[in-house]
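Coordinates as given in run33.cif (mmCIF, C-alpha atoms):
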data_query
#
loop_
_atom_site.group_PDB
_atom_site.id
_atom_site.type_symbol
_atom_site.label_atom_id
_atom_site.label_comp_id
_atom_site.auth_asym_id
_atom_site.auth_seq_id
_atom_site.Cartn_x
_atom_site.Cartn_y
_atom_site.Cartn_z
ATOM 1 C CA MET A 1 14.992 9.151 29.326
ATOM 2 C CA ASP A 2 14.362 10.218 32.899
ATOM 3 C CA LEU A 3 16.087 7.824 35.281
ATOM 4 C CA ALA A 4 14.915 9.370 38.550
ATOM 5 C CA TYR A 5 11.721 11.099 39.625
ATOM 6 C CA ILE A 6 9.057 11.002 42.313
ATOM 7 C CA PRO A 7 6.057 9.015 41.092
ATOM 8 C CA SER A 8 2.510 10.181 41.758
ATOM 9 C CA PRO A 9 -0.162 7.750 42.948
ATOM 10 C CA SER A 10 -2.485 6.526 40.236
ATOM 11 C CA THR A 11 -5.443 7.459 42.419
ATOM 12 C CA GLY A 12 -6.049 9.494 45.549
ATOM 13 C CA VAL A 13 -8.791 7.153 46.771
ATOM 14 C CA LEU A 14 -8.644 3.607 48.095
ATOM 15 C CA HIS A 15 -11.872 1.696 48.652
ATOM 16 C CA LEU A 16 -12.341 -0.459 51.727
ATOM 17 C CA GLY A 17 -15.455 -2.226 50.501
ATOM 18 C CA PRO A 18 -18.046 0.524 50.025
ATOM 19 C CA ILE A 19 -16.018 2.989 52.135
ATOM 20 C CA PRO A 20 -13.727 5.385 50.213
ATOM 21 C CA LEU A 21 -10.450 6.213 51.955
ATOM 22 C CA ARG A 22 -9.171 9.492 50.530
ATOM 23 C CA GLY A 23 -5.486 10.272 50.823
ATOM 24 C CA TYR A 24 -6.062 14.017 51.140
ATOM 25 C CA ALA A 25 -8.466 13.622 54.073
ATOM 26 C CA PHE A 26 -6.186 11.061 55.734
ATOM 27 C CA CYS A 27 -3.245 13.483 55.632
ATOM 28 C CA ILE A 28 -5.330 16.292 57.143
ATOM 29 C CA ILE A 29 -6.604 14.061 59.959
ATOM 30 C CA LEU A 30 -3.130 12.700 60.685
ATOM 31 C CA GLY A 31 -1.777 16.241 60.787
ATOM 32 C CA VAL A 32 -4.397 17.244 63.353
ATOM 33 C CA PHE A 33 -3.439 14.321 65.597
ATOM 34 C CA VAL A 34 0.262 15.264 65.374
ATOM 35 C CA ALA A 35 -0.512 18.888 66.271
ATOM 36 C CA VAL A 36 -2.640 17.916 69.280
ATOM 37 C CA TRP A 37 -0.114 15.341 70.487
ATOM 38 C CA LEU A 38 2.857 17.722 70.410
ATOM 39 C CA GLY A 39 0.787 20.650 71.666
ATOM 40 C CA ASN A 40 -0.353 18.586 74.655
ATOM 41 C CA LYS A 41 3.245 17.723 75.602
ATOM 42 C CA ARG A 42 4.301 21.360 75.346
ATOM 43 C CA TRP A 43 1.253 22.565 77.276
ATOM 44 C CA ILE A 44 1.936 20.183 80.167
ATOM 45 C CA ALA A 45 5.581 21.322 80.202
ATOM 46 C CA ARG A 46 4.331 24.917 80.538
ATOM 47 C CA GLY A 47 2.273 24.006 83.620
ATOM 48 C CA GLY A 48 -1.065 23.149 82.004
ATOM 49 C CA THR A 49 -3.107 19.988 82.402
ATOM 50 C CA ALA A 50 -3.338 17.025 80.058
ATOM 51 C CA GLY A 51 -6.319 17.104 77.723
ATOM 52 C CA THR A 52 -6.683 20.882 77.600
ATOM 53 C CA VAL A 53 -5.142 21.175 74.123
ATOM 54 C CA ALA A 54 -7.490 18.521 72.743
ATOM 55 C CA ASP A 55 -10.516 20.180 74.363
ATOM 56 C CA ILE A 56 -9.707 23.512 72.735
ATOM 57 C CA ALA A 57 -8.881 21.797 69.435
ATOM 58 C CA VAL A 58 -12.496 20.628 69.335
ATOM 59 C CA TRP A 59 -13.306 24.302 68.703
ATOM 60 C CA ALA A 60 -10.253 25.280 66.673
ATOM 61 C CA VAL A 61 -10.193 22.448 64.110
ATOM 62 C CA PRO A 62 -13.745 22.823 62.719
ATOM 63 C CA PHE A 63 -13.334 26.601 62.542
ATOM 64 C CA GLY A 64 -10.000 26.100 60.781
ATOM 65 C CA LEU A 65 -11.454 23.732 58.193
ATOM 66 C CA VAL A 66 -14.294 26.128 57.420
ATOM 67 C CA GLY A 67 -11.924 29.094 57.215
ATOM 68 C CA GLY A 68 -9.461 27.255 55.026
ATOM 69 C CA ARG A 69 -12.164 26.206 52.599
ATOM 70 C CA LEU A 70 -13.720 29.673 52.503
ATOM 71 C CA TYR A 71 -10.381 31.291 51.695
ATOM 72 C CA HIS A 72 -9.781 28.824 48.876
ATOM 73 C CA VAL A 73 -13.246 29.201 47.376
ATOM 74 C CA ILE A 74 -13.172 33.008 47.591
ATOM 75 C CA THR A 75 -9.700 33.415 46.108
ATOM 76 C CA ASP A 76 -10.300 30.745 43.426
ATOM 77 C CA TYR A 77 -13.965 31.435 42.815
ATOM 78 C CA GLN A 78 -13.555 30.882 39.053
ATOM 79 C CA LEU A 79 -13.116 27.166 39.721
ATOM 80 C CA TYR A 80 -16.646 26.924 41.079
ATOM 81 C CA PHE A 81 -18.726 29.848 39.823
ATOM 82 C CA SER A 82 -17.537 30.373 36.250
ATOM 83 C CA GLU A 83 -19.553 29.303 33.247
ATOM 84 C CA GLY A 84 -19.546 25.537 32.889
ATOM 85 C CA GLU A 85 -18.487 24.945 36.512
ATOM 86 C CA ASN A 86 -20.654 23.384 39.210
ATOM 87 C CA TRP A 87 -20.917 25.496 42.365
ATOM 88 C CA VAL A 88 -21.710 22.377 44.400
ATOM 89 C CA ASP A 89 -18.044 21.394 43.994
ATOM 90 C CA ALA A 90 -17.185 24.204 46.394
ATOM 91 C CA PHE A 91 -18.355 21.913 49.207
ATOM 92 C CA LYS A 92 -16.233 18.938 48.114
ATOM 93 C CA ILE A 93 -13.385 19.544 50.513
ATOM 94 C CA TRP A 94 -12.083 15.994 50.060
ATOM 95 C CA GLU A 95 -11.024 16.860 46.516
ATOM 96 C CA GLY A 96 -8.496 19.364 47.867
ATOM 97 C CA GLY A 97 -8.487 23.086 48.397
ATOM 98 C CA LEU A 98 -7.698 24.502 51.845
ATOM 99 C CA GLY A 99 -6.125 27.941 52.222
ATOM 100 C CA ILE A 100 -3.765 28.005 55.194
ATOM 101 C CA TRP A 101 -4.379 31.741 55.703
ATOM 102 C CA GLY A 102 -8.094 31.214 56.251
ATOM 103 C CA ALA A 103 -7.496 28.073 58.289
ATOM 104 C CA ILE A 104 -5.197 29.857 60.755
ATOM 105 C CA ALA A 105 -7.416 32.955 60.997
ATOM 106 C CA PHE A 106 -10.657 31.062 61.612
ATOM 107 C CA GLY A 107 -8.878 28.423 63.703
ATOM 108 C CA ALA A 108 -7.657 31.220 65.975
ATOM 109 C CA VAL A 109 -11.264 32.326 66.465
ATOM 110 C CA GLY A 110 -12.239 28.796 67.460
ATOM 111 C CA ALA A 111 -9.231 28.538 69.779
ATOM 112 C CA TRP A 112 -10.159 31.887 71.356
ATOM 113 C CA ILE A 113 -13.639 30.564 72.133
ATOM 114 C CA GLY A 114 -12.207 27.388 73.655
ATOM 115 C CA CYS A 115 -9.618 29.299 75.684
ATOM 116 C CA ARG A 116 -12.200 31.763 76.937
ATOM 117 C CA ARG A 117 -14.420 28.931 78.151
ATOM 118 C CA ARG A 118 -11.531 27.528 80.204
ATOM 119 C CA GLY A 119 -10.081 30.856 81.364
ATOM 120 C CA ILE A 120 -6.831 30.362 79.431
ATOM 121 C CA PRO A 121 -4.845 33.149 77.712
ATOM 122 C CA LEU A 122 -4.934 32.555 73.949
ATOM 123 C CA PRO A 123 -1.294 33.659 73.367
ATOM 124 C CA ALA A 124 0.005 30.997 75.768
ATOM 125 C CA TYR A 125 -2.063 28.327 74.033
ATOM 126 C CA ALA A 126 -0.874 29.538 70.622
ATOM 127 C CA ASP A 127 2.759 29.309 71.734
ATOM 128 C CA ALA A 128 2.272 25.721 72.885
ATOM 129 C CA ILE A 129 0.541 24.581 69.703
ATOM 130 C CA ALA A 130 2.690 26.485 67.159
ATOM 131 C CA PRO A 131 5.285 23.777 66.325
ATOM 132 C CA GLY A 132 2.497 21.209 66.119
ATOM 133 C CA ILE A 133 0.657 23.321 63.551
ATOM 134 C CA ALA A 134 3.814 23.472 61.428
ATOM 135 C CA LEU A 135 4.149 19.675 61.581
ATOM 136 C CA ALA A 136 0.453 19.314 60.758
ATOM 137 C CA GLN A 137 1.059 21.384 57.626
ATOM 138 C CA ALA A 138 4.054 19.208 56.771
ATOM 139 C CA VAL A 139 1.886 16.108 56.922
ATOM 140 C CA GLY A 140 -1.115 17.736 55.266
ATOM 141 C CA ARG A 141 0.905 18.804 52.207
ATOM 142 C CA TRP A 142 1.211 15.151 51.222
ATOM 143 C CA GLY A 143 -2.504 15.273 50.501
ATOM 144 C CA ASN A 144 -1.581 17.396 47.467
ATOM 145 C CA TRP A 145 0.649 14.552 46.306
ATOM 146 C CA PHE A 146 -2.303 12.160 46.387
ATOM 147 C CA ASN A 147 -4.377 14.632 44.373
ATOM 148 C CA GLN A 148 -1.529 15.523 41.960
ATOM 149 C CA GLU A 149 -1.964 19.245 42.559
ATOM 150 C CA LEU A 150 -0.018 22.372 43.501
ATOM 151 C CA TYR A 151 3.197 21.411 41.729
ATOM 152 C CA GLY A 152 5.773 23.819 40.324
ATOM 153 C CA ARG A 153 7.448 24.533 37.009
ATOM 154 C CA PRO A 154 8.765 21.790 34.711
ATOM 155 C CA THR A 155 12.181 20.444 35.731
ATOM 156 C CA ASP A 156 14.589 17.600 34.951
ATOM 157 C CA LEU A 157 15.993 17.378 38.485
ATOM 158 C CA PRO A 158 16.305 13.864 39.979
ATOM 159 C CA TRP A 159 13.577 14.672 42.520
ATOM 160 C CA ALA A 160 11.115 15.936 39.914
ATOM 161 C CA LEU A 161 7.472 14.992 40.446
ATOM 162 C CA LYS A 162 5.839 12.952 37.706
ATOM 163 C CA ILE A 163 2.326 14.189 36.908
ATOM 164 C CA THR A 164 -0.064 12.151 34.797
ATOM 165 C CA GLU A 165 -2.393 13.701 32.264
ATOM 166 C CA SER A 166 -5.990 14.562 33.072
ATOM 167 C CA ALA A 167 -8.621 17.115 32.111
ATOM 168 C CA ASN A 168 -6.991 19.798 34.289
ATOM 169 C CA ARG A 169 -3.285 19.013 33.988
ATOM 170 C CA GLU A 170 -0.608 18.141 31.463
ATOM 171 C CA ALA A 171 1.637 15.140 31.927
ATOM 172 C CA GLY A 172 5.286 15.852 32.675
ATOM 173 C CA LEU A 173 7.948 16.291 35.343
ATOM 174 C CA TYR A 174 7.574 19.263 37.667
ATOM 175 C CA HIS A 175 9.054 20.754 40.822
ATOM 176 C CA PRO A 176 7.461 18.967 43.826
ATOM 177 C CA THR A 177 6.476 22.158 45.616
ATOM 178 C CA PHE A 178 4.322 20.137 48.012
ATOM 179 C CA LEU A 179 7.523 18.382 49.154
ATOM 180 C CA TYR A 180 9.454 21.652 49.424
ATOM 181 C CA GLU A 181 6.779 23.119 51.663
ATOM 182 C CA SER A 182 6.490 19.942 53.719
ATOM 183 C CA LEU A 183 10.224 19.959 54.451
ATOM 184 C CA TRP A 184 10.172 23.697 55.114
ATOM 185 C CA CYS A 185 7.390 23.233 57.689
ATOM 186 C CA VAL A 186 9.422 20.562 59.493
ATOM 187 C CA GLY A 187 12.276 23.056 59.673
ATOM 188 C CA VAL A 188 9.910 25.741 60.997
ATOM 189 C CA ALA A 189 8.718 23.399 63.766
ATOM 190 C CA LEU A 190 12.302 22.640 64.813
ATOM 191 C CA LEU A 191 13.195 26.351 64.731
ATOM 192 C CA VAL A 192 10.282 27.300 66.993
ATOM 193 C CA ILE A 193 11.061 24.507 69.460
ATOM 194 C CA TRP A 194 14.740 25.553 69.620
ATOM 195 C CA ALA A 195 13.992 29.273 69.931
ATOM 196 C CA ASP A 196 11.360 28.660 72.603
ATOM 197 C CA ARG A 197 13.814 26.684 74.713
ATOM 198 C CA ARG A 198 16.675 29.109 74.101
ATOM 199 C CA PHE A 199 14.822 32.399 74.646
ATOM 200 C CA ARG A 200 11.751 31.261 76.644
ATOM 201 C CA LEU A 201 9.308 32.896 74.254
ATOM 202 C CA GLY A 202 5.982 33.931 75.705
ATOM 203 C CA HIS A 203 2.845 35.985 75.120
ATOM 204 C CA GLY A 204 2.372 34.663 71.585
ATOM 205 C CA ARG A 205 5.912 35.235 70.325
ATOM 206 C CA ALA A 206 6.571 31.553 69.588
ATOM 207 C CA PHE A 207 3.432 31.515 67.455
ATOM 208 C CA ALA A 208 4.476 34.735 65.732
ATOM 209 C CA LEU A 209 7.883 33.183 64.972
ATOM 210 C CA TYR A 210 6.132 30.202 63.399
ATOM 211 C CA VAL A 211 3.996 32.522 61.259
ATOM 212 C CA ALA A 212 6.975 34.612 60.128
ATOM 213 C CA ALA A 213 9.158 31.592 59.335
ATOM 214 C CA TYR A 214 6.370 29.861 57.439
ATOM 215 C CA CYS A 215 5.630 32.973 55.384
ATOM 216 C CA ALA A 216 9.308 33.327 54.469
ATOM 217 C CA GLY A 217 9.253 29.881 52.914
ATOM 218 C CA ARG A 218 5.771 30.078 51.466
ATOM 219 C CA GLY A 219 6.725 33.194 49.522
ATOM 220 C CA TRP A 220 9.416 31.578 47.375
ATOM 221 C CA ILE A 221 7.616 28.227 47.122
ATOM 222 C CA GLU A 222 4.431 29.958 45.967
ATOM 223 C CA TYR A 223 6.441 31.825 43.348
ATOM 224 C CA MET A 224 7.439 28.471 41.812
ATOM 225 C CA ARG A 225 3.903 27.149 41.378
ATOM 226 C CA VAL A 226 2.201 27.075 37.997
ATOM 227 C CA ASP A 227 -1.413 26.400 38.972
ATOM 228 C CA GLU A 228 -3.947 29.089 38.136
ATOM 229 C CA ALA A 229 -3.992 32.028 40.560
ATOM 230 C CA HIS A 230 -4.875 35.709 40.736
ATOM 231 C CA HIS A 231 -1.967 38.131 40.277
ATOM 232 C CA ILE A 232 -1.394 41.616 41.683
ATOM 233 C CA LEU A 233 1.437 43.695 40.199
ATOM 234 C CA GLY A 234 2.894 40.568 38.643
ATOM 235 C CA LEU A 235 2.926 38.496 41.841
ATOM 236 C CA ARG A 236 0.546 35.750 42.895
ATOM 237 C CA LEU A 237 -2.018 36.726 45.516
ATOM 238 C CA ASN A 238 -0.588 34.271 48.047
ATOM 239 C CA VAL A 239 2.882 35.787 47.646
ATOM 240 C CA TRP A 240 1.494 39.175 48.642
ATOM 241 C CA THR A 241 -0.383 37.561 51.518
ATOM 242 C CA ALA A 242 2.823 35.906 52.726
ATOM 243 C CA ILE A 243 4.694 39.234 52.609
ATOM 244 C CA VAL A 244 2.013 41.147 54.530
ATOM 245 C CA VAL A 245 1.532 38.438 57.170
ATOM 246 C CA PHE A 246 5.317 38.091 57.582
ATOM 247 C CA LEU A 247 5.676 41.814 58.315
ATOM 248 C CA LEU A 248 2.766 41.731 60.780
ATOM 249 C CA ALA A 249 4.247 38.738 62.607
ATOM 250 C CA VAL A 250 7.670 40.390 62.921
ATOM 251 C CA LEU A 251 6.061 43.620 64.118
ATOM 252 C CA TYR A 252 4.121 41.703 66.768
ATOM 253 C CA MET A 253 7.281 39.986 68.035
ATOM 254 C CA VAL A 254 9.092 43.313 68.385
ATOM 255 C CA LEU A 255 6.239 45.149 70.119
ATOM 256 C CA SER A 256 5.365 42.193 72.351
ATOM 257 C CA ALA A 257 8.959 41.796 73.515
ATOM 258 C CA ARG A 258 9.011 45.475 74.509
ATOM 259 C CA THR A 259 5.633 45.668 76.223
ATOM 260 C CA ARG A 260 5.400 42.170 77.723
ATOM 261 C CA PRO A 261 8.879 40.665 78.146
ATOM 262 C CA GLY A 262 9.389 37.225 79.582
ATOM 263 C CA ARG A 263 6.953 34.339 79.653
ATOM 264 C CA GLU A 264 3.660 33.705 81.425
ATOM 265 C CA GLU A 265 4.153 32.146 84.848
ATOM 266 C CA ILE A 266 0.638 30.701 84.932
ATOM 267 C CA VAL A 267 -0.922 29.382 81.707
ATOM 268 C CA GLU A 268 -3.919 27.550 83.143
ATOM 269 C CA PRO A 269 -5.399 29.190 86.259
ATOM 270 C CA ARG A 270 -7.736 26.278 86.927
ATOM 271 C CA ALA A 271 -4.807 23.886 87.099
ATOM 272 C CA GLN A 272 -2.980 26.282 89.438
ATOM 273 C CA ASN A 273 -6.010 26.629 91.704
ATOM 274 C CA ALA A 274 -6.545 22.880 91.696
ATOM 275 C CA GLY A 275 -2.908 22.403 92.698
ATOM 276 C CA LYS A 276 -3.262 24.910 95.537
ATOM 277 C CA ALA A 277 -6.443 23.219 96.726
ATOM 278 C CA ALA A 278 -4.695 19.853 96.697
ATOM 279 C CA ASP A 279 -1.736 21.285 98.644
ATOM 280 C CA ALA A 280 -4.120 22.819 101.180
ATOM 281 C CA GLU A 281 -5.928 19.511 101.562
ATOM 282 C CA ASP A 282 -2.619 17.700 102.055
ATOM 283 C CA ALA A 283 -1.606 20.286 104.655
ATOM 284 C CA GLU A 284 -4.910 19.796 106.495
ATOM 285 C CA ASP A 285 -4.409 16.037 106.410
ATOM 286 C CA ALA A 286 -0.871 16.433 107.730
ATOM 287 C CA GLU A 287 -2.072 18.783 110.472
ATOM 288 C CA GLY A 288 -4.816 16.344 111.411
ATOM 289 C CA SER A 289 -2.307 13.511 111.550
ATOM 290 C CA ALA A 290 -0.055 15.594 113.805
ATOM 291 C CA GLU A 291 -2.967 16.344 116.142
ATOM 292 C CA ASP A 292 -3.865 12.661 116.257
ATOM 293 C CA ALA A 293 -0.260 11.838 117.072
ATOM 294 C CA VAL A 294 -0.243 14.378 119.902
ATOM 295 C CA GLU A 295 -3.486 12.966 121.290
ATOM 296 C CA ASP A 296 -2.083 9.466 121.075
ATOM 297 C CA ASP A 297 1.076 10.573 122.922
ATOM 298 C CA GLY A 298 -1.088 12.213 125.584
ATOM 299 C CA ALA A 299 -3.139 9.073 125.998
ATOM 300 C CA GLU A 300 -0.023 6.953 126.290
ATOM 301 C CA GLY A 301 1.407 9.338 128.907
ATOM 302 C CA GLU A 302 -1.827 9.143 130.843
ATOM 303 C CA ASP A 303 -1.760 5.357 130.750
ATOM 304 C CA VAL A 304 1.840 5.320 131.957
ATOM 305 C CA GLU A 305 0.979 7.699 134.795
ATOM 306 C CA ASN A 306 -2.025 5.633 135.823
ATOM 307 C CA GLY A 307 0.077 2.488 135.647
ATOM 308 C CA ALA A 308 2.787 4.020 137.808
ATOM 309 C CA GLY A 309 0.224 5.189 140.334
ATOM 310 C CA ASN A 310 -1.387 1.778 140.524
ATOM 311 C CA GLY A 311 1.995 0.137 140.947
ATOM 312 C CA ALA A 312 2.925 2.488 143.799
ATOM 313 C CA GLY A 313 -0.380 1.851 145.507
ATOM 314 C CA SER A 314 0.080 -1.904 145.294
ATOM 315 C CA ALA A 315 3.583 -1.604 146.722
ATOM 316 C CA ALA A 316 2.261 0.449 149.660
ATOM 317 C CA LYS A 317 -0.375 -2.123 150.386
ATOM 318 C CA GLY A 318 2.170 -4.908 150.238
#
Exercise: express the given structure as structure tokens:
Amino acid sequence: MDLAYIPSPSTGVLHLGPIPLRGYAFCIILGVFVAVWLGNKRWIARGGTAGTVADIAVWAVPFGLVGGRLYHVITDYQLYFSEGENWVDAFKIWEGGLGIWGAIAFGAVGAWIGCRRRGIPLPAYADAIAPGIALAQAVGRWGNWFNQELYGRPTDLPWALKITESANREAGLYHPTFLYESLWCVGVALLVIWADRRFRLGHGRAFALYVAAYCAGRGWIEYMRVDEAHHILGLRLNVWTAIVVFLLAVLYMVLSARTRPGREEIVEPRAQNAGKAADAEDAEDAEGSAEDAVEDDGAEGEDVENGAGNGAGSAAKG
């Protein structure tokens, strides 16, 4: 008899009247809010203006969702285009299925468009948002718990995940790989925040650290999963992807540190220009006030002189 395990929800959907509230979608939305909130705080600390992160996220998030879904559908095409499957299900994103590799790649394209429109360097924006993305992934992974998906091998550990039987899964106790990845992503966020403060990472190196650290964890967590996946040389496709992306991220950090050391002094030129304009306006106001003060002093001196002259004239007459 198993005395301890993590229960799975009986359903991933709650109905508020006629409105379905899906746990998977809720986790994704909550993750986006966390990423924007933390990214905004970090962006302001770097010298940017409030609201810029959210404005660019308007471009990055939709691109990321499309990219994440495309990666999933392409790499798991048999789930939608095999005999007996319904290809329309490929559009049912609320049922789960977002590939982080596609989400980050396409999200970066959306962020690049948003940054370009505001005259902001993409690497600086990526550095600010990196820990928030890791936390968003940590929150989003709980959507897999609601859907009872992406679990690992059978286990009798006290923190095993209880899976109920359905058409696509067998009841039992399994490694909660969604929880492992969620906790790993929290650790990645804390690592990036610490390293950024300690070494003042710039020019995209904080983002590259996030990518490398995430890939290091995703590799071993992916190896534990038992859901259907394509294999290359005995390893799951996502394990190979994690290895390749990890090496590219490390290579970028090394080359970037050599060619562009330090951190960007100005991350949002518009904010800098606005600040200079405000300082210039304040200086003009101060100069105008000084001139007014001088004119007032001159007028007072004139009045005193006229008063003295009038007094002397009266005394002479007397």
Leu38 (chain A) surroundings by only C-alpha atoms, 9 Å radius, close-in-sequence under 2 positions cut, as a PyMOL selection string: chain A and resi 33-36+40-43+128-129+131-132
Take the residues from that selection and write them out as a PDB file, in the frame of the given file, keeping C-alpha atoms.
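again-v6.pdb written:
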ATOM      1  CA  PHE A  33      -3.439  14.321  65.597  1.00  0.00           C
ATOM      2  CA  VAL A  34       0.262  15.264  65.374  1.00  0.00           C
ATOM      3  CA  ALA A  35      -0.512  18.888  66.271  1.00  0.00           C
ATOM      4  CA  VAL A  36      -2.640  17.916  69.280  1.00  0.00           C
ATOM      5  CA  ASN A  40      -0.353  18.586  74.655  1.00  0.00           C
ATOM      6  CA  LYS A  41       3.245  17.723  75.602  1.00  0.00           C
ATOM      7  CA  ARG A  42       4.301  21.360  75.346  1.00  0.00           C
ATOM      8  CA  TRP A  43       1.253  22.565  77.276  1.00  0.00           C
ATOM      9  CA  ALA A 128       2.272  25.721  72.885  1.00  0.00           C
ATOM     10  CA  ILE A 129       0.541  24.581  69.703  1.00  0.00           C
ATOM     11  CA  PRO A 131       5.285  23.777  66.325  1.00  0.00           C
ATOM     12  CA  GLY A 132       2.497  21.209  66.119  1.00  0.00           C
TER      13      GLY A 132
END
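With all atoms listed in the file as the basis for measurement, A:Arg236 is the residue among A:His230, A:Arg270, A:Arg260, A:Arg236 that approaches Arg218 (chain A) most closely.
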CA of Val267 (chain A) to CA of Arg117 (chain A), straight-line distance in Å: 14.0 Å
Expected residue set, 7 Å radius at (-2.7, 12.2, 54.7), only C-alpha atoms, as a list in words: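 Applying the cut-off with only C-alpha atoms, one gets Gly23, Tyr24, Ala25, Phe26, Cys27, Ile28, Ile29, Leu30, Val139, Gly140, Trp142 and Gly143 of chain A.
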Two-atom distance - CA of Pro121 (chain A), CA of Thr52 (chain A) (Å):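 The value is 12.4 Å.
Considering all atoms listed in the file, the residue among A:Leu150, A:Leu21, A:Val109, A:Ala54 positioned nearest to Gly97 (chain A) is A:Leu150.
Matched in the shown structure by the PyMOL selection byres ((chain A and resi 202-210) around 7): Pro123, Ala124, Ala126, Asp127, Ala130, Val188, Val192, Asp196, Arg200, Leu201, Val211, Ala212, Ala213, Tyr214, Ala249, Met253, Gly262, Arg263 and Glu264 of chain A.
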Length of the CA of Ser82 (chain A) to CA of Gly99 (chain A) vector [Å]: 19.8 Å
Using only the atoms of region 77-91 of chain A listed in the file, plus 4 Å on each side, state the axis-aligned box centre and edge lengths in Å rounded to one decimal, as lines of an AutoDock Vina configuration file.
center_x = -17.4
center_y = 26.4
center_z = 41.0
size_x = 16.6
size_y = 18.0
size_z = 24.3
Given the PyMOL selection byres ((chain A and resi 68) around 12), the residues it picks as a ChimeraX atom specification: /A:28,60-67,69-75,90-91,93,96-108
Among listed residues A:Phe178, A:Tyr223, A:Gly48, A:Leu183, nearest Gly119 (chain A) (using all atoms listed in the file):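 Ranking A:Phe178, A:Tyr223, A:Gly48, A:Leu183 by distance to Gly119 (chain A), first place goes to A:Gly48.
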Would you be able to write out as a CSV table (one decimal) with C-alpha atoms, in the frame of the given file which residues have an atom within 9 Å of (5.1, 14.1, 36.0) in the file's coordinates, counting only C-alpha atoms?
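For reference, selection_5.csv as written:
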chain,number,residue,atom,x,y,z
A,5,TYR,CA,11.7,11.1,39.6
A,6,ILE,CA,9.1,11.0,42.3
A,7,PRO,CA,6.1,9.0,41.1
A,8,SER,CA,2.5,10.2,41.8
A,154,PRO,CA,8.8,21.8,34.7
A,160,ALA,CA,11.1,15.9,39.9
A,161,LEU,CA,7.5,15.0,40.4
A,162,LYS,CA,5.8,13.0,37.7
A,163,ILE,CA,2.3,14.2,36.9
A,164,THR,CA,-0.1,12.2,34.8
A,165,GLU,CA,-2.4,13.7,32.3
A,170,GLU,CA,-0.6,18.1,31.5
A,171,ALA,CA,1.6,15.1,31.9
A,172,GLY,CA,5.3,15.9,32.7
A,173,LEU,CA,7.9,16.3,35.3
A,174,TYR,CA,7.6,19.3,37.7
Residues matched by the PyMOL selection byres ((chain A and resi 185) around 7), written as a list of chain:residue names: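 That expression, the PyMOL selection byres ((chain A and resi 185) around 7), corresponds here to A:Ala134, A:Leu135, A:Gln137, A:Ala138, A:Glu181, A:Ser182, A:Leu183, A:Trp184, A:Val186, A:Gly187, A:Val188, A:Ala189, A:Tyr214.
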Which residue of A:Val250, A:Ile19, A:Phe199, A:Thr177 approaches Gly217 (chain A) most closely, using only C-alpha atoms: A:Thr177
Selected residue of minimal separation from Leu122 (chain A) among A:Leu157, A:Leu79, A:Ile56, A:Ala167, counting all atoms listed in the file: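 Answer, going by the shortest atom-to-atom distance: A:Ile56.
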Pick from A:Asp55, A:Glu228, A:Glu265, A:Glu222, whichever lies nearest to Arg116 (chain A) using only C-alpha atoms: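 Closest candidate: A:Asp55.
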